[in-house]
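Worksheet for the structure shown next.
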Amino acid sequence: MKLTLKIWRQDNAKTKGKLVSYDLSDLSSDMSFLEMLDVLNEQLAVKGERVVEFDHDCREGICGQCSLVINGQAHGPEGHYTTCQTHLRSFKDGETLYVEPFRANAFPVIRDLKVDRTSMDRIIQSGGYISSFTGMAPEANSTPIHHDIAESAFDSAACIGCGACVATCKNSSAALFVSAKVGHLAKLPQGQVERMERVIAMVTTHDDEGFGSCTHTGACAMVCPQEVQLLDIARMNFEYNRAVCLVKD
Amino acid sequence: MAIKKGLFKTSVGRKNLMAVTGLFIVFFLIIHLIGNLILIIPDSFFPIEFWNNVANQHDMYNAYSHFLVHFWPITIVAWVLYAAIALHIIDALLITLNNWKAKGEKYAVIDNSTSTWISRNMGLIGTIIGIFIVMHMVQFWLQYKVLKIEHDLYNLVLETFKIWWMVVIYEIGIIALGFHIVHGIESAHRSLGIYPKKIMHIIKYIALYFGLVMALLYAIIPIILYFK
């Protein structure tokens, strides 16, 4: 199949970028979107041009490293998929695709389609952990957890931190990401010790990193590869309000 | 890192203020509607000597307005309401400015299929309502309550809605209000931290039908008065 790609090219965060058009032919519909970019880069390398830089790692939909906004949709048109798991069969032969980086002030462009998402790492560092003794793994059944709670915590923990929620949000809010991390630990007994300090610290860091406020449009939950629920944000708001009322200075 | 916390600080806290003030305004809207509905009760509905010397719609509406202006607890609630509206607007501006600042460069292609038009345009809808409220208050509240130029509020209302374009403007304001309520009520509960799935499912439908019923009831009043 043939595709016309309008790809965002930008040297670094300080320079202005622009969309550059590339025509690709003889593509297989079974290729993943990233494999198609590999084909493009091979052709660019042969011509001696700078290749298109983009983030990727596992290419099996679990690491959260790939990004891209394809025709205005974070991770492409499938919804609840990562870009690496989006295949060319999702597009029409001869279609023009606009490929842009995840955009938010908290995600400065490093080069081309690669963005700096360390702002999300700093949110995790500020509270997305538990403090406990390390050593041998404890006997799993020594901490009783109700099956439904374990499942619910796991649903939140499934967040791979890709940033699609931020990229698609009209406010560039990372509320879904923070809520998944807050919710995951708030639901489990291991997370109770730092439950209140955690949510306050993570929300504070979220704001300091320059993310916006959630206005509940629900767009984030529609693109989340791990289907983190919009209600997790409500849960985070509950945790925040509870913490503000109960925490001691 | 300086820890910021407070029920009305941070990106989460500021939404609390939006929610609390918004829900209070919704509560007021119910009371306001009950008063308005007096305007469309047919005269025949009032038994003779219904309420002392109130025997028709005209007297009933004016008696009700007089009561609102001269009963002191209502005055206190009114000031709380003005404060709520002011805070709702200021908070909305602060949140919106901050959200604009958070946004990166504009996407070349924007796909809006993942959210509703109403949820994305609460600011725009709110601005229309804001302009409408100013006009509405200049027309009635200022004339009757502040300047005390007009003593027969019923006649003032009736005269206003004899003008067809006035009816159109009011209908636009009311439609905007309905849209704002539908997203606002659901969003407010989410902001305040109501997270059980079953409850939020019910609230979503309550918000939808409440907004619809409120808008319909508000909307029929100017139309009925126009044809009266």
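Scheme for the structure tokens: letters A, B, ... for chains in order shown; per-chain residue numbers from 1; ligand numbers from 1 in order shown.
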Q: Show me which bits of chain B are within 8 Å of chain A, counting only C-alpha atoms, as a PyMOL selection string.
A: chain B and resi 3-7+10-13+15+95+98-111+114-116+119-120+187+190-197
Next, the residues of the selection above should be written as an mmCIF file, in the first residue's frame with N, CA and C atoms.
```cif
data_model
loop_
_atom_site.group_PDB
_atom_site.id
_atom_site.type_symbol
_atom_site.label_atom_id
_atom_site.label_comp_id
_atom_site.auth_asym_id
_atom_site.auth_seq_id
_atom_site.Cartn_x
_atom_site.Cartn_y
_atom_site.Cartn_z
ATOM 1 N N ILE B 3 5.428 22.183 49.348
ATOM 2 C CA ILE B 3 4.153 21.466 49.270
ATOM 3 C C ILE B 3 3.009 22.474 49.322
ATOM 4 N N LYS B 4 2.189 22.460 48.282
ATOM 5 C CA LYS B 4 0.996 23.315 48.287
ATOM 6 C C LYS B 4 -0.158 22.411 48.653
ATOM 7 N N LYS B 5 -0.940 22.815 49.570
ATOM 8 C CA LYS B 5 -2.166 22.063 49.780
ATOM 9 C C LYS B 5 -3.252 23.005 50.240
ATOM 10 N N GLY B 6 -4.461 22.555 50.078
ATOM 11 C CA GLY B 6 -5.590 23.375 50.457
ATOM 12 C C GLY B 6 -6.756 22.919 49.618
ATOM 13 N N LEU B 7 -7.936 23.017 50.203
ATOM 14 C CA LEU B 7 -9.120 22.542 49.492
ATOM 15 C C LEU B 7 -9.359 23.329 48.210
ATOM 16 N N THR B 10 -4.127 24.246 44.227
ATOM 17 C CA THR B 10 -3.676 23.211 43.269
ATOM 18 C C THR B 10 -4.730 22.949 42.183
ATOM 19 N N SER B 11 -4.304 22.208 41.166
ATOM 20 C CA SER B 11 -5.199 21.942 40.033
ATOM 21 C C SER B 11 -6.429 21.155 40.475
ATOM 22 N N VAL B 12 -6.277 20.332 41.515
ATOM 23 C CA VAL B 12 -7.412 19.551 42.014
ATOM 24 C C VAL B 12 -8.296 20.434 42.895
ATOM 25 N N GLY B 13 -7.662 21.192 43.774
ATOM 26 C CA GLY B 13 -8.409 22.028 44.711
ATOM 27 C C GLY B 13 -9.240 23.108 44.028
ATOM 28 N N LYS B 15 -10.698 22.983 41.346
ATOM 29 C CA LYS B 15 -11.925 22.403 40.791
ATOM 30 C C LYS B 15 -12.976 22.187 41.878
ATOM 31 N N ILE B 95 -8.349 28.896 36.104
ATOM 32 C CA ILE B 95 -8.128 27.534 35.592
ATOM 33 C C ILE B 95 -7.863 27.577 34.091
ATOM 34 N N ASN B 98 -4.433 29.012 33.232
ATOM 35 C CA ASN B 98 -3.416 28.018 33.560
ATOM 36 C C ASN B 98 -3.401 26.879 32.526
ATOM 37 N N ASN B 99 -4.577 26.478 32.092
ATOM 38 C CA ASN B 99 -4.664 25.397 31.103
ATOM 39 C C ASN B 99 -4.126 25.842 29.745
ATOM 40 N N TRP B 100 -4.335 27.110 29.407
ATOM 41 C CA TRP B 100 -3.779 27.617 28.141
ATOM 42 C C TRP B 100 -2.254 27.596 28.208
ATOM 43 N N LYS B 101 -1.752 27.969 29.410
ATOM 44 C CA LYS B 101 -0.302 27.996 29.609
ATOM 45 C C LYS B 101 0.292 26.583 29.495
ATOM 46 N N ALA B 102 -0.490 25.582 29.935
ATOM 47 C CA ALA B 102 0.007 24.199 29.932
ATOM 48 C C ALA B 102 0.044 23.595 28.533
ATOM 49 N N LYS B 103 -0.718 24.208 27.629
ATOM 50 C CA LYS B 103 -0.834 23.626 26.287
ATOM 51 C C LYS B 103 0.435 23.845 25.479
ATOM 52 N N GLY B 104 0.809 22.831 24.748
ATOM 53 C CA GLY B 104 1.960 22.956 23.863
ATOM 54 C C GLY B 104 1.544 23.584 22.547
ATOM 55 N N GLU B 105 2.398 23.433 21.553
ATOM 56 C CA GLU B 105 2.090 23.950 20.228
ATOM 57 C C GLU B 105 0.801 23.291 19.722
ATOM 58 N N LYS B 106 0.106 23.988 18.859
ATOM 59 C CA LYS B 106 -1.164 23.459 18.354
ATOM 60 C C LYS B 106 -0.933 22.267 17.413
ATOM 61 N N TYR B 107 -1.796 21.273 17.489
ATOM 62 C CA TYR B 107 -1.717 20.149 16.546
ATOM 63 C C TYR B 107 -2.176 20.605 15.166
ATOM 64 N N ALA B 108 -1.553 20.050 14.132
ATOM 65 C CA ALA B 108 -1.961 20.376 12.761
ATOM 66 C C ALA B 108 -3.339 19.792 12.480
ATOM 67 N N VAL B 109 -3.571 18.592 13.015
ATOM 68 C CA VAL B 109 -4.884 17.950 12.863
ATOM 69 C C VAL B 109 -5.453 17.737 14.263
ATOM 70 N N ILE B 110 -6.677 18.171 14.460
ATOM 71 C CA ILE B 110 -7.305 17.997 15.773
ATOM 72 C C ILE B 110 -8.470 17.027 15.629
ATOM 73 N N ASP B 111 -8.454 15.987 16.429
ATOM 74 C CA ASP B 111 -9.535 15.003 16.386
ATOM 75 C C ASP B 111 -10.351 15.138 17.663
ATOM 76 N N THR B 114 -13.139 12.021 20.697
ATOM 77 C CA THR B 114 -13.051 11.349 21.992
ATOM 78 C C THR B 114 -13.743 12.103 23.124
ATOM 79 N N SER B 115 -14.325 13.268 22.821
ATOM 80 C CA SER B 115 -15.026 13.993 23.886
ATOM 81 C C SER B 115 -16.211 14.749 23.293
ATOM 82 N N THR B 116 -17.119 15.195 24.157
ATOM 83 C CA THR B 116 -18.306 15.883 23.666
ATOM 84 C C THR B 116 -18.014 17.374 23.473
ATOM 85 N N SER B 119 -18.468 19.383 26.767
ATOM 86 C CA SER B 119 -17.408 19.270 27.775
ATOM 87 C C SER B 119 -16.179 20.088 27.388
ATOM 88 N N ARG B 120 -15.942 20.259 26.093
ATOM 89 C CA ARG B 120 -14.771 21.025 25.656
ATOM 90 C C ARG B 120 -15.027 22.531 25.678
ATOM 91 N N SER B 187 -19.581 16.827 36.190
ATOM 92 C CA SER B 187 -18.183 17.180 36.424
ATOM 93 C C SER B 187 -17.947 17.625 37.867
ATOM 94 N N ARG B 190 -17.578 14.661 40.080
ATOM 95 C CA ARG B 190 -16.262 14.038 39.862
ATOM 96 C C ARG B 190 -15.177 14.851 40.565
ATOM 97 N N SER B 191 -15.275 16.197 40.436
ATOM 98 C CA SER B 191 -14.265 17.062 41.056
ATOM 99 C C SER B 191 -14.249 16.895 42.571
ATOM 100 N N LEU B 192 -15.428 16.727 43.145
ATOM 101 C CA LEU B 192 -15.505 16.604 44.602
ATOM 102 C C LEU B 192 -15.080 15.218 45.085
ATOM 103 N N GLY B 193 -14.890 14.308 44.147
ATOM 104 C CA GLY B 193 -14.347 13.005 44.524
ATOM 105 C C GLY B 193 -15.373 11.901 44.708
ATOM 106 N N ILE B 194 -16.525 12.020 44.036
ATOM 107 C CA ILE B 194 -17.500 10.920 44.079
ATOM 108 C C ILE B 194 -17.033 9.890 43.051
ATOM 109 N N TYR B 195 -16.508 8.760 43.530
ATOM 110 C CA TYR B 195 -15.927 7.829 42.567
ATOM 111 C C TYR B 195 -16.612 6.462 42.427
ATOM 112 N N PRO B 196 -17.548 6.065 43.322
ATOM 113 C CA PRO B 196 -18.170 4.749 43.077
ATOM 114 C C PRO B 196 -18.911 4.738 41.731
ATOM 115 N N LYS B 197 -18.683 3.679 40.991
ATOM 116 C CA LYS B 197 -19.179 3.589 39.612
ATOM 117 C C LYS B 197 -20.705 3.713 39.544
#
```
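What separates CA of Leu113 (chain A) from CA of Leu34 (chain A) is a distance of 11.8 Å.
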Q: For each of A:Lys114, A:Ser29, A:Ser67, A:Thr143, take the minimum atom-to-atom distance to Ser90 (chain A), counting only C-alpha atoms, then give the residue where this is smallest.
A: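 With only C-alpha atoms as the atom set, the closest residue is A:Ser29.
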Need the shell around Gln65 (chain A): protein/DNA/RNA residues with any atom at most 7 Å away, counting only C-alpha atoms. Skip same-chain ones fewer than 6 positions apart. Format as a PDB file with N, CA and C atoms, in the first residue's frame?
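As a result, selection.pdb now contains:
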```pdb
ATOM      1  N   ASP A  55      10.444   7.866  19.618  1.00  0.00           N
ATOM      2  CA  ASP A  55      10.640   7.006  20.789  1.00  0.00           C
ATOM      3  C   ASP A  55      10.040   5.624  20.557  1.00  0.00           C
ATOM      4  N   HIS A  56      10.747   4.602  20.969  1.00  0.00           N
ATOM      5  CA  HIS A  56      10.198   3.245  20.935  1.00  0.00           C
ATOM      6  C   HIS A  56      11.077   2.373  21.806  1.00  0.00           C
ATOM      7  N   ASP A  57      10.528   1.259  22.289  1.00  0.00           N
ATOM      8  CA  ASP A  57      11.368   0.324  23.032  1.00  0.00           C
ATOM      9  C   ASP A  57      10.878  -1.095  22.834  1.00  0.00           C
ATOM     10  N   CYS A 162       2.674   6.384  29.395  1.00  0.00           N
ATOM     11  CA  CYS A 162       3.069   6.784  28.037  1.00  0.00           C
ATOM     12  C   CYS A 162       2.836   8.274  27.788  1.00  0.00           C
TER      13      CYS A 162
END
```
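Take CA of Val178 (chain A) and CA of Gln229 (chain A): the distance between them is 12.1 Å.
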Q.
Please report the interatomic distance between CA of Phe45 (chain B) and CA of Asn62 (chain B) in Å with one decimal.
A. 16.6 Å
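The neighbours of region 226-228 of chain B here are the residues that come within 12 Å of it, using only C-alpha atoms and leaving out any residue fewer than 2 positions away in the same chain; they are Leu39, Ile40, Ile41, Pro42, Val157, Leu158, Glu159, Thr160, Phe161, Lys162, Ile163, Trp164, Trp165, Met166, Val167, Val168, Tyr170, Ala219, Ile220, Ile221, Pro222, Ile223 and Ile224 of chain B.
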Residues of the last selection are to be written out with N, CA and C atoms, as a PDB file, in the first residue's frame.
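Saved as part.pdb:
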```pdb
ATOM      1  N   LEU B  39     -45.558  32.858  36.708  1.00  0.00           N
ATOM      2  CA  LEU B  39     -45.922  33.644  35.524  1.00  0.00           C
ATOM      3  C   LEU B  39     -46.834  32.907  34.553  1.00  0.00           C
ATOM      4  N   ILE B  40     -46.789  31.581  34.583  1.00  0.00           N
ATOM      5  CA  ILE B  40     -47.591  30.848  33.588  1.00  0.00           C
ATOM      6  C   ILE B  40     -48.734  30.067  34.212  1.00  0.00           C
ATOM      7  N   ILE B  41     -48.969  30.282  35.516  1.00  0.00           N
ATOM      8  CA  ILE B  41     -50.153  29.639  36.107  1.00  0.00           C
ATOM      9  C   ILE B  41     -51.380  30.426  35.633  1.00  0.00           C
ATOM     10  N   PRO B  42     -52.354  29.754  35.056  1.00  0.00           N
ATOM     11  CA  PRO B  42     -53.536  30.500  34.595  1.00  0.00           C
ATOM     12  C   PRO B  42     -54.295  31.115  35.774  1.00  0.00           C
ATOM     13  N   VAL B 157     -42.079  42.358  33.235  1.00  0.00           N
ATOM     14  CA  VAL B 157     -41.755  41.056  32.627  1.00  0.00           C
ATOM     15  C   VAL B 157     -42.607  40.838  31.377  1.00  0.00           C
ATOM     16  N   LEU B 158     -43.890  41.135  31.520  1.00  0.00           N
ATOM     17  CA  LEU B 158     -44.827  40.907  30.413  1.00  0.00           C
ATOM     18  C   LEU B 158     -44.465  41.766  29.202  1.00  0.00           C
ATOM     19  N   GLU B 159     -44.137  43.032  29.474  1.00  0.00           N
ATOM     20  CA  GLU B 159     -43.760  43.953  28.379  1.00  0.00           C
ATOM     21  C   GLU B 159     -42.497  43.471  27.681  1.00  0.00           C
ATOM     22  N   THR B 160     -41.535  43.012  28.499  1.00  0.00           N
ATOM     23  CA  THR B 160     -40.253  42.543  27.936  1.00  0.00           C
ATOM     24  C   THR B 160     -40.477  41.409  26.945  1.00  0.00           C
ATOM     25  N   PHE B 161     -41.318  40.457  27.337  1.00  0.00           N
ATOM     26  CA  PHE B 161     -41.483  39.274  26.486  1.00  0.00           C
ATOM     27  C   PHE B 161     -42.544  39.458  25.388  1.00  0.00           C
ATOM     28  N   LYS B 162     -42.980  40.700  25.227  1.00  0.00           N
ATOM     29  CA  LYS B 162     -43.815  40.986  24.054  1.00  0.00           C
ATOM     30  C   LYS B 162     -42.918  41.315  22.859  1.00  0.00           C
ATOM     31  N   ILE B 163     -41.622  41.502  23.129  1.00  0.00           N
ATOM     32  CA  ILE B 163     -40.666  41.800  22.051  1.00  0.00           C
ATOM     33  C   ILE B 163     -40.077  40.474  21.576  1.00  0.00           C
ATOM     34  N   TRP B 164     -40.264  40.167  20.292  1.00  0.00           N
ATOM     35  CA  TRP B 164     -39.877  38.825  19.818  1.00  0.00           C
ATOM     36  C   TRP B 164     -38.388  38.535  19.939  1.00  0.00           C
ATOM     37  N   TRP B 165     -37.526  39.546  19.650  1.00  0.00           N
ATOM     38  CA  TRP B 165     -36.086  39.260  19.720  1.00  0.00           C
ATOM     39  C   TRP B 165     -35.592  39.109  21.152  1.00  0.00           C
ATOM     40  N   MET B 166     -36.337  39.670  22.093  1.00  0.00           N
ATOM     41  CA  MET B 166     -36.012  39.474  23.496  1.00  0.00           C
ATOM     42  C   MET B 166     -36.241  38.000  23.864  1.00  0.00           C
ATOM     43  N   VAL B 167     -37.339  37.458  23.344  1.00  0.00           N
ATOM     44  CA  VAL B 167     -37.635  36.039  23.576  1.00  0.00           C
ATOM     45  C   VAL B 167     -36.509  35.185  22.998  1.00  0.00           C
ATOM     46  N   VAL B 168     -36.051  35.532  21.793  1.00  0.00           N
ATOM     47  CA  VAL B 168     -34.972  34.762  21.148  1.00  0.00           C
ATOM     48  C   VAL B 168     -33.702  34.802  21.998  1.00  0.00           C
ATOM     49  N   TYR B 170     -33.432  35.313  25.179  1.00  0.00           N
ATOM     50  CA  TYR B 170     -33.632  34.501  26.386  1.00  0.00           C
ATOM     51  C   TYR B 170     -33.530  33.015  26.093  1.00  0.00           C
ATOM     52  N   ALA B 219     -37.490  27.578  29.363  1.00  0.00           N
ATOM     53  CA  ALA B 219     -37.666  28.019  27.978  1.00  0.00           C
ATOM     54  C   ALA B 219     -39.124  28.301  27.616  1.00  0.00           C
ATOM     55  N   ILE B 220     -40.046  27.555  28.217  1.00  0.00           N
ATOM     56  CA  ILE B 220     -41.454  27.749  27.818  1.00  0.00           C
ATOM     57  C   ILE B 220     -42.028  29.068  28.336  1.00  0.00           C
ATOM     58  N   ILE B 221     -41.457  29.593  29.421  1.00  0.00           N
ATOM     59  CA  ILE B 221     -42.041  30.794  30.045  1.00  0.00           C
ATOM     60  C   ILE B 221     -42.060  32.006  29.101  1.00  0.00           C
ATOM     61  N   PRO B 222     -40.904  32.400  28.507  1.00  0.00           N
ATOM     62  CA  PRO B 222     -40.954  33.556  27.596  1.00  0.00           C
ATOM     63  C   PRO B 222     -41.887  33.327  26.407  1.00  0.00           C
ATOM     64  N   ILE B 223     -41.945  32.086  25.928  1.00  0.00           N
ATOM     65  CA  ILE B 223     -42.794  31.795  24.762  1.00  0.00           C
ATOM     66  C   ILE B 223     -44.263  31.946  25.124  1.00  0.00           C
ATOM     67  N   ILE B 224     -44.653  31.397  26.274  1.00  0.00           N
ATOM     68  CA  ILE B 224     -46.049  31.509  26.718  1.00  0.00           C
ATOM     69  C   ILE B 224     -46.418  32.979  26.925  1.00  0.00           C
TER      70      ILE B 224
END
```
Q: Would you mind listing what lies within 7 Å of Ala215 (chain B) as a PyMOL selection string, with only C-alpha atoms counted and same-chain residues fewer than 3 positions away left out?
A: chain B and resi 174-175+178+211-212+218-219
Q: Could you pull out the residues in region 13-55 of chain A that DSSP calls helix (DSSP H, G or I) from the backbone, as a count of residues only?
A: 15
Q. Any idea what's packed within 12 Å of Val193 (chain A), counting only C-alpha atoms, ignoring anything in its chain fewer than 5 positions away? Could you give it as a list in words?
A.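 Here the qualifying residues turn out to be Gly127, Tyr129, Ile130, Ser131, Ser132, Leu185, Ala186, Lys187, Leu188, Arg198, Val199 and Val247 of chain A.
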Please dump the current selection as a short mmCIF file (atom, residue, chain, number, x, y, z; two decimals), in the first residue's frame; keep N, CA and C atoms.
```
data_model
loop_
_atom_site.label_atom_id
_atom_site.label_comp_id
_atom_site.auth_asym_id
_atom_site.auth_seq_id
_atom_site.Cartn_x
_atom_site.Cartn_y
_atom_site.Cartn_z
N GLY A 127 6.14 10.84 44.99
CA GLY A 127 5.24 10.13 45.91
C GLY A 127 4.76 8.77 45.43
N TYR A 129 5.54 5.78 45.43
CA TYR A 129 6.32 4.65 45.95
C TYR A 129 5.80 4.30 47.33
N ILE A 130 6.27 3.16 47.86
CA ILE A 130 6.02 2.88 49.28
C ILE A 130 7.37 2.71 49.95
N SER A 131 7.44 3.08 51.22
CA SER A 131 8.68 2.88 51.96
C SER A 131 8.55 1.60 52.76
N SER A 132 9.40 0.64 52.48
CA SER A 132 9.35 -0.58 53.28
C SER A 132 10.71 -1.24 53.26
N LEU A 185 -1.85 2.69 44.64
CA LEU A 185 -1.29 2.49 45.98
C LEU A 185 -2.31 2.76 47.09
N ALA A 186 -3.26 3.67 46.84
CA ALA A 186 -4.25 3.98 47.88
C ALA A 186 -5.17 2.79 48.14
N LYS A 187 -5.33 1.93 47.13
CA LYS A 187 -6.24 0.79 47.28
C LYS A 187 -5.60 -0.36 48.07
N LEU A 188 -4.27 -0.41 48.09
CA LEU A 188 -3.59 -1.55 48.70
C LEU A 188 -3.12 -1.26 50.12
N ARG A 198 1.33 11.21 49.90
CA ARG A 198 1.57 10.86 48.50
C ARG A 198 0.72 11.69 47.55
N VAL A 199 -0.59 11.71 47.80
CA VAL A 199 -1.47 12.39 46.85
C VAL A 199 -1.19 13.89 46.82
N VAL A 247 -4.57 15.36 56.95
CA VAL A 247 -3.12 15.28 57.15
C VAL A 247 -2.68 16.30 58.21
#
```
Q) Which polymer residues have any atom within 9 Å of an atom of region 126-135 of chain B, counting only C-alpha atoms, with same-chain residues fewer than 2 positions away left out, as number ranges by chain? A) B: 89, 121-124, 137-140, 169-170, 172-174, 176-177, 180
If you keep N, CA and C atoms, can you produce a file of those selected residues as an mmCIF file, in the first residue's frame?
```
data_model
loop_
_atom_site.group_PDB
_atom_site.id
_atom_site.type_symbol
_atom_site.label_atom_id
_atom_site.label_comp_id
_atom_site.auth_asym_id
_atom_site.auth_seq_id
_atom_site.Cartn_x
_atom_site.Cartn_y
_atom_site.Cartn_z
ATOM 1 N N ILE B 89 -16.745 32.519 38.350
ATOM 2 C CA ILE B 89 -16.159 33.158 37.163
ATOM 3 C C ILE B 89 -14.652 33.351 37.335
ATOM 4 N N ASN B 121 -16.301 22.927 25.650
ATOM 5 C CA ASN B 121 -16.610 24.351 25.480
ATOM 6 C C ASN B 121 -17.355 24.972 26.652
ATOM 7 N N MET B 122 -17.082 24.448 27.867
ATOM 8 C CA MET B 122 -17.754 24.990 29.052
ATOM 9 C C MET B 122 -17.419 26.473 29.242
ATOM 10 N N GLY B 123 -16.210 26.865 28.884
ATOM 11 C CA GLY B 123 -15.804 28.268 29.012
ATOM 12 C C GLY B 123 -16.612 29.166 28.096
ATOM 13 N N LEU B 124 -16.753 28.737 26.848
ATOM 14 C CA LEU B 124 -17.525 29.511 25.862
ATOM 15 C C LEU B 124 -18.996 29.600 26.287
ATOM 16 N N MET B 137 -30.028 40.879 34.622
ATOM 17 C CA MET B 137 -30.052 41.623 35.877
ATOM 18 C C MET B 137 -30.296 43.114 35.636
ATOM 19 N N VAL B 138 -29.741 43.640 34.544
ATOM 20 C CA VAL B 138 -29.978 45.051 34.216
ATOM 21 C C VAL B 138 -31.468 45.260 33.938
ATOM 22 N N GLN B 139 -32.073 44.298 33.262
ATOM 23 C CA GLN B 139 -33.492 44.426 32.888
ATOM 24 C C GLN B 139 -34.448 44.385 34.075
ATOM 25 N N PHE B 140 -34.211 43.482 34.994
ATOM 26 C CA PHE B 140 -35.181 43.282 36.077
ATOM 27 C C PHE B 140 -34.650 43.632 37.466
ATOM 28 N N ILE B 169 -33.346 36.000 22.478
ATOM 29 C CA ILE B 169 -32.136 36.132 23.308
ATOM 30 C C ILE B 169 -32.254 35.270 24.570
ATOM 31 N N TYR B 170 -33.432 35.313 25.179
ATOM 32 C CA TYR B 170 -33.632 34.501 26.386
ATOM 33 C C TYR B 170 -33.530 33.015 26.093
ATOM 34 N N ILE B 172 -31.728 31.613 23.795
ATOM 35 C CA ILE B 172 -30.302 31.294 23.597
ATOM 36 C C ILE B 172 -29.608 31.146 24.961
ATOM 37 N N GLY B 173 -29.890 32.095 25.846
ATOM 38 C CA GLY B 173 -29.318 32.034 27.196
ATOM 39 C C GLY B 173 -29.718 30.762 27.919
ATOM 40 N N ILE B 174 -30.969 30.370 27.768
ATOM 41 C CA ILE B 174 -31.487 29.188 28.469
ATOM 42 C C ILE B 174 -30.883 27.902 27.893
ATOM 43 N N ALA B 176 -27.948 27.654 26.501
ATOM 44 C CA ALA B 176 -26.572 27.631 27.016
ATOM 45 C C ALA B 176 -26.558 27.136 28.462
ATOM 46 N N LEU B 177 -27.521 27.605 29.234
ATOM 47 C CA LEU B 177 -27.631 27.198 30.640
ATOM 48 C C LEU B 177 -27.847 25.684 30.758
ATOM 49 N N HIS B 180 -24.681 23.881 30.024
ATOM 50 C CA HIS B 180 -23.720 24.089 31.117
ATOM 51 C C HIS B 180 -24.059 23.192 32.307
#
```
